[in-house]
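J.: I'd like to ask you about the structure that follows.
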Amino acid sequence: MVLASERLRISGRVVVLLVDYHVHAMGHGEREHTMADLEPFVIQAIKKGVREIGFTDHDWVCKDPDFKLFKKLQKKYPKVTIRVGLEVDHIIGREKEIASFLRNQPFDYVVGGVHHLGESRWMFDLPEHVERYNGKNIDDVYREYFETVKHAASSGLYQIMAHLDLMKVFGFRPKKRVLSLMGDLLEIIKERSLVVEINTNGLFKPVGEIYPALDILKRCFELEIPVTLSSDAHRWEDVGRELEAARSLAKKVGFRQIATFEQGKMILKKI
Ligand SMILES: [Zn+2]
Ligand SMILES: [Zn+2]
């Protein structure tokens with residue numbers, strides 16, 4: 001197998017830019033932010049031809065990363081640009097709490113993701129709770145999910161919207177077109193100048209598809225909503241996983257640039 005980084009050297013043209021903007025170094029709390037735990041992620045990124053890796057641990061695992069440690073890591077690995085962000089679990093009613101822990105921390109960007117629905121905070125993407133789909137009107141569940149994502153997009157707390165159609169994770173499909181169930185979500189994302197990630201993790205879930213689906217990406221392109229690339233890795237082995245597929249998909253749709261962030265400022269880069 002030819003690695004992307006090798007291909008870059010062979011071709012001699014700087015056209016390869018793979019970023020992995022959604023990486024969970026701490027997983028679900030199995031590891032810590034230490035040099036020993038972080039280094040394998042960075043080494044894997046370099047191996048996979050990833051030029052920029054963005055660490056975005058779940059806010060419920062770690063809200064206040066040690067930025068000095070990431071600086072040290074960057075010094076040791078100048079070959080790859082290291083960004084520090086967070087993936088925040090958007091739950092309606094949590095906005096003040098979220099704003100307070102985001103404040104005064106020098107994140108490069110913050111990813112907003114919806115993993116809970118309704119008052120019962122149903123974690124609809126966990127296999128342990130899959131039986132709760134039984135007897136539900138799937139169109140209604142999608143509608144509720146997208147309403148919550150809209151709330152997240154409108155909150156002003158995030159720069160990147162995570163796995164936009166995560167509701168498909170177990171393969172439950174609505175009768176209506178997903179785009180119509182989204183209502184004006186993409187228009188809100190556009191209005192708020194947010195970025196949509198092309199997340200390859202869905203390829204390894206029961207649905208077996210990248211998030212979001214092709215028709216949603218096409219609509220993003222029409223609306224000129226920037227995209228970025230992510231693996232949503234929860235282990236170092238998965239850093240950069242299938243990002244070539246994500247990039248091909250982006251290019252097929254028409255995107256020629258992807259969004260990156262430095263200290264909250266968006267920088268578009270060629271793919
Ligand atoms: Zn997520
Ligand atoms: Zn994630």
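Chain labels A, B, ... are given in the sequence in which chains occur in the structure tokens; within each chain residues are numbered consecutively from 1, and ligands are likewise numbered from 1 in the order shown.
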How close does each residue of chain A get to ligand 2, giving the shortest atom pair and distance in Å to one decimal for every residue with an atom at most 9 Å away, counting only C-alpha atoms and all ligand atoms, sorted by chain and residue number, as a tab-separated table?
T.:
```
residue	atom	partner	partner_atom_place_in_ligand_line	distance
A:His22	CA	ligand 2	1 (Zn)	6.2
A:Val23	CA	ligand 2	1 (Zn)	6.8
A:His24	CA	ligand 2	1 (Zn)	6.5
A:Gly27	CA	ligand 2	1 (Zn)	8.8
A:Thr56	CA	ligand 2	1 (Zn)	7.3
A:Asp57	CA	ligand 2	1 (Zn)	7.3
A:His58	CA	ligand 2	1 (Zn)	6.8
A:Glu87	CA	ligand 2	1 (Zn)	6.3
A:Val88	CA	ligand 2	1 (Zn)	8.9
A:Val111	CA	ligand 2	1 (Zn)	8.6
A:Gly113	CA	ligand 2	1 (Zn)	7.7
A:Ala162	CA	ligand 2	1 (Zn)	7.5
A:His163	CA	ligand 2	1 (Zn)	8.3
A:Asn201	CA	ligand 2	1 (Zn)	8.8
A:Ser231	CA	ligand 2	1 (Zn)	8.5
A:Asp232	CA	ligand 2	1 (Zn)	4.8
A:Ala233	CA	ligand 2	1 (Zn)	7.3
A:His234	CA	ligand 2	1 (Zn)	7.6
```
J.: Neighbouring residues of Gly264 of chain A were defined as those with any atom within 9 Å, considering only C-alpha atoms; residues of the same chain fewer than 6 positions away were excluded. Please report them as a PyMOL selection string.
T.: chain A and resi 106-110+159
J.: Would you mind exporting N, CA and C atoms of the selected residues as a compact mmCIF listing (two decimals), in the first residue's frame?
T.:
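Listing of out_25.txt after writing:
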```txt
# COMPACT_ATOMS: atom_id res chain seq x y z
N PRO A 106 -8.13 28.56 25.02
CA PRO A 106 -7.69 28.86 23.65
C PRO A 106 -7.90 27.71 22.65
N PHE A 107 -9.13 27.24 22.54
CA PHE A 107 -9.41 26.17 21.57
C PHE A 107 -9.24 26.69 20.15
N ASP A 108 -8.73 25.82 19.28
CA ASP A 108 -8.68 26.19 17.87
C ASP A 108 -10.08 26.19 17.28
N TYR A 109 -10.90 25.25 17.74
CA TYR A 109 -12.29 25.16 17.27
C TYR A 109 -13.04 24.23 18.21
N VAL A 110 -14.36 24.32 18.14
CA VAL A 110 -15.21 23.45 18.96
C VAL A 110 -16.21 22.76 18.03
N GLN A 159 -17.98 25.76 15.92
CA GLN A 159 -17.51 26.12 14.58
C GLN A 159 -17.79 24.99 13.59
```
J.: Restricting the calculation to only C-alpha atoms: of A:Val227, A:Val61, A:Ile92, A:Ile46, which residue gets closest to Lys190 of chain A?
T.: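 Closest residue, counting only C-alpha atoms: A:Val227.
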J.: Pick from A:Pro226, A:Arg31, A:Leu69, A:Asn104: nearest to Phe261 of chain A, with only C-alpha atoms counted?
T.: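 Going through A:Pro226, A:Arg31, A:Leu69, A:Asn104 one by one, the smallest distance to Phe261 of chain A is for A:Pro226.
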J.: Kindly give the distance, in Å, that separates atom CA of Ala246 of chain A and atom CA of Ala45 of chain A, rounded to a single decimal.
T.: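 Taking atom CA of Ala246 of chain A and atom CA of Ala45 of chain A, their separation equals 15.6 Å.
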J.: Could you give me, as a list in words, the residues within 7 Å of Tyr211 of chain A, counting only C-alpha atoms and dropping anything in the same chain fewer than 5 positions from it?
T.: His163, Leu164, Asp165, Leu166, Ile198, Asn199, Thr200 and Gly202 of chain A
J.: Taking only segment 108-267 of chain A into account, list the residues labelled helix (DSSP H, G or I) by DSSP (computed from the backbone), as a ChimeraX atom specification.
T.: /A:127-133,138-154,166-168,178-181,185-191,200-204,214-222,236-238,243-253
J.: Would you mind exporting the chosen residues as an mmCIF file, in the first residue's frame, restricted to C-alpha atoms?
T.:
```cif
data_model
loop_
_atom_site.group_PDB
_atom_site.id
_atom_site.type_symbol
_atom_site.label_atom_id
_atom_site.label_comp_id
_atom_site.auth_asym_id
_atom_site.auth_seq_id
_atom_site.Cartn_x
_atom_site.Cartn_y
_atom_site.Cartn_z
ATOM 1 C CA PRO A 127 -25.976 -0.108 20.796
ATOM 2 C CA GLU A 128 -27.104 -0.567 24.434
ATOM 3 C CA HIS A 129 -30.119 1.664 23.748
ATOM 4 C CA VAL A 130 -31.046 0.488 20.271
ATOM 5 C CA GLU A 131 -34.244 -1.249 21.470
ATOM 6 C CA ARG A 132 -35.719 2.189 22.114
ATOM 7 C CA TYR A 133 -36.240 2.619 18.369
ATOM 8 C CA ILE A 138 -38.675 6.940 12.494
ATOM 9 C CA ASP A 139 -39.604 10.138 10.635
ATOM 10 C CA ASP A 140 -40.497 11.742 13.970
ATOM 11 C CA VAL A 141 -37.253 10.582 15.549
ATOM 12 C CA TYR A 142 -35.281 12.137 12.668
ATOM 13 C CA ARG A 143 -37.282 15.348 12.994
ATOM 14 C CA GLU A 144 -36.543 15.556 16.705
ATOM 15 C CA TYR A 145 -32.874 14.854 16.080
ATOM 16 C CA PHE A 146 -32.576 17.592 13.460
ATOM 17 C CA GLU A 147 -34.452 20.048 15.698
ATOM 18 C CA THR A 148 -31.782 19.428 18.336
ATOM 19 C CA VAL A 149 -28.986 19.848 15.763
ATOM 20 C CA LYS A 150 -30.620 23.113 14.668
ATOM 21 C CA HIS A 151 -30.574 24.241 18.264
ATOM 22 C CA ALA A 152 -26.862 23.396 18.415
ATOM 23 C CA ALA A 153 -26.135 25.216 15.150
ATOM 24 C CA SER A 154 -28.014 28.312 16.317
ATOM 25 C CA LEU A 166 -25.863 10.452 12.842
ATOM 26 C CA MET A 167 -29.473 9.338 13.248
ATOM 27 C CA LYS A 168 -28.875 6.805 10.464
ATOM 28 C CA VAL A 178 -33.736 13.103 4.982
ATOM 29 C CA LEU A 179 -33.113 16.495 3.352
ATOM 30 C CA SER A 180 -36.742 17.453 3.817
ATOM 31 C CA LEU A 181 -36.713 16.254 7.444
ATOM 32 C CA LEU A 185 -30.843 23.210 9.229
ATOM 33 C CA LEU A 186 -28.396 23.735 6.353
ATOM 34 C CA GLU A 187 -29.576 27.305 5.863
ATOM 35 C CA ILE A 188 -28.902 27.945 9.560
ATOM 36 C CA ILE A 189 -25.442 26.375 9.220
ATOM 37 C CA LYS A 190 -24.764 28.662 6.266
ATOM 38 C CA GLU A 191 -26.068 31.751 8.002
ATOM 39 C CA THR A 200 -15.743 8.382 8.106
ATOM 40 C CA ASN A 201 -16.742 6.685 11.357
ATOM 41 C CA GLY A 202 -20.139 5.733 9.943
ATOM 42 C CA LEU A 203 -18.408 3.342 7.540
ATOM 43 C CA PHE A 204 -17.659 1.151 10.557
ATOM 44 C CA LEU A 214 -24.181 12.419 -0.569
ATOM 45 C CA ASP A 215 -27.369 14.446 -1.133
ATOM 46 C CA ILE A 216 -26.720 16.432 2.060
ATOM 47 C CA LEU A 217 -23.151 17.129 0.949
ATOM 48 C CA LYS A 218 -24.383 18.251 -2.468
ATOM 49 C CA ARG A 219 -26.734 20.687 -0.771
ATOM 50 C CA CYS A 220 -23.832 21.953 1.394
ATOM 51 C CA PHE A 221 -21.846 22.561 -1.779
ATOM 52 C CA GLU A 222 -24.734 24.475 -3.382
ATOM 53 C CA TRP A 236 -4.792 5.740 17.746
ATOM 54 C CA GLU A 237 -5.169 2.901 15.232
ATOM 55 C CA ASP A 238 -8.152 4.682 13.675
ATOM 56 C CA LEU A 243 -9.931 9.889 4.957
ATOM 57 C CA GLU A 244 -8.950 9.319 1.335
ATOM 58 C CA ALA A 245 -12.547 8.172 0.749
ATOM 59 C CA ALA A 246 -13.843 11.274 2.493
ATOM 60 C CA ARG A 247 -11.660 13.492 0.375
ATOM 61 C CA SER A 248 -12.691 11.736 -2.845
ATOM 62 C CA LEU A 249 -16.309 12.189 -1.883
ATOM 63 C CA ALA A 250 -15.730 15.898 -1.226
ATOM 64 C CA LYS A 251 -14.025 16.279 -4.595
ATOM 65 C CA LYS A 252 -16.732 14.323 -6.388
ATOM 66 C CA VAL A 253 -19.318 16.726 -5.002
#
```
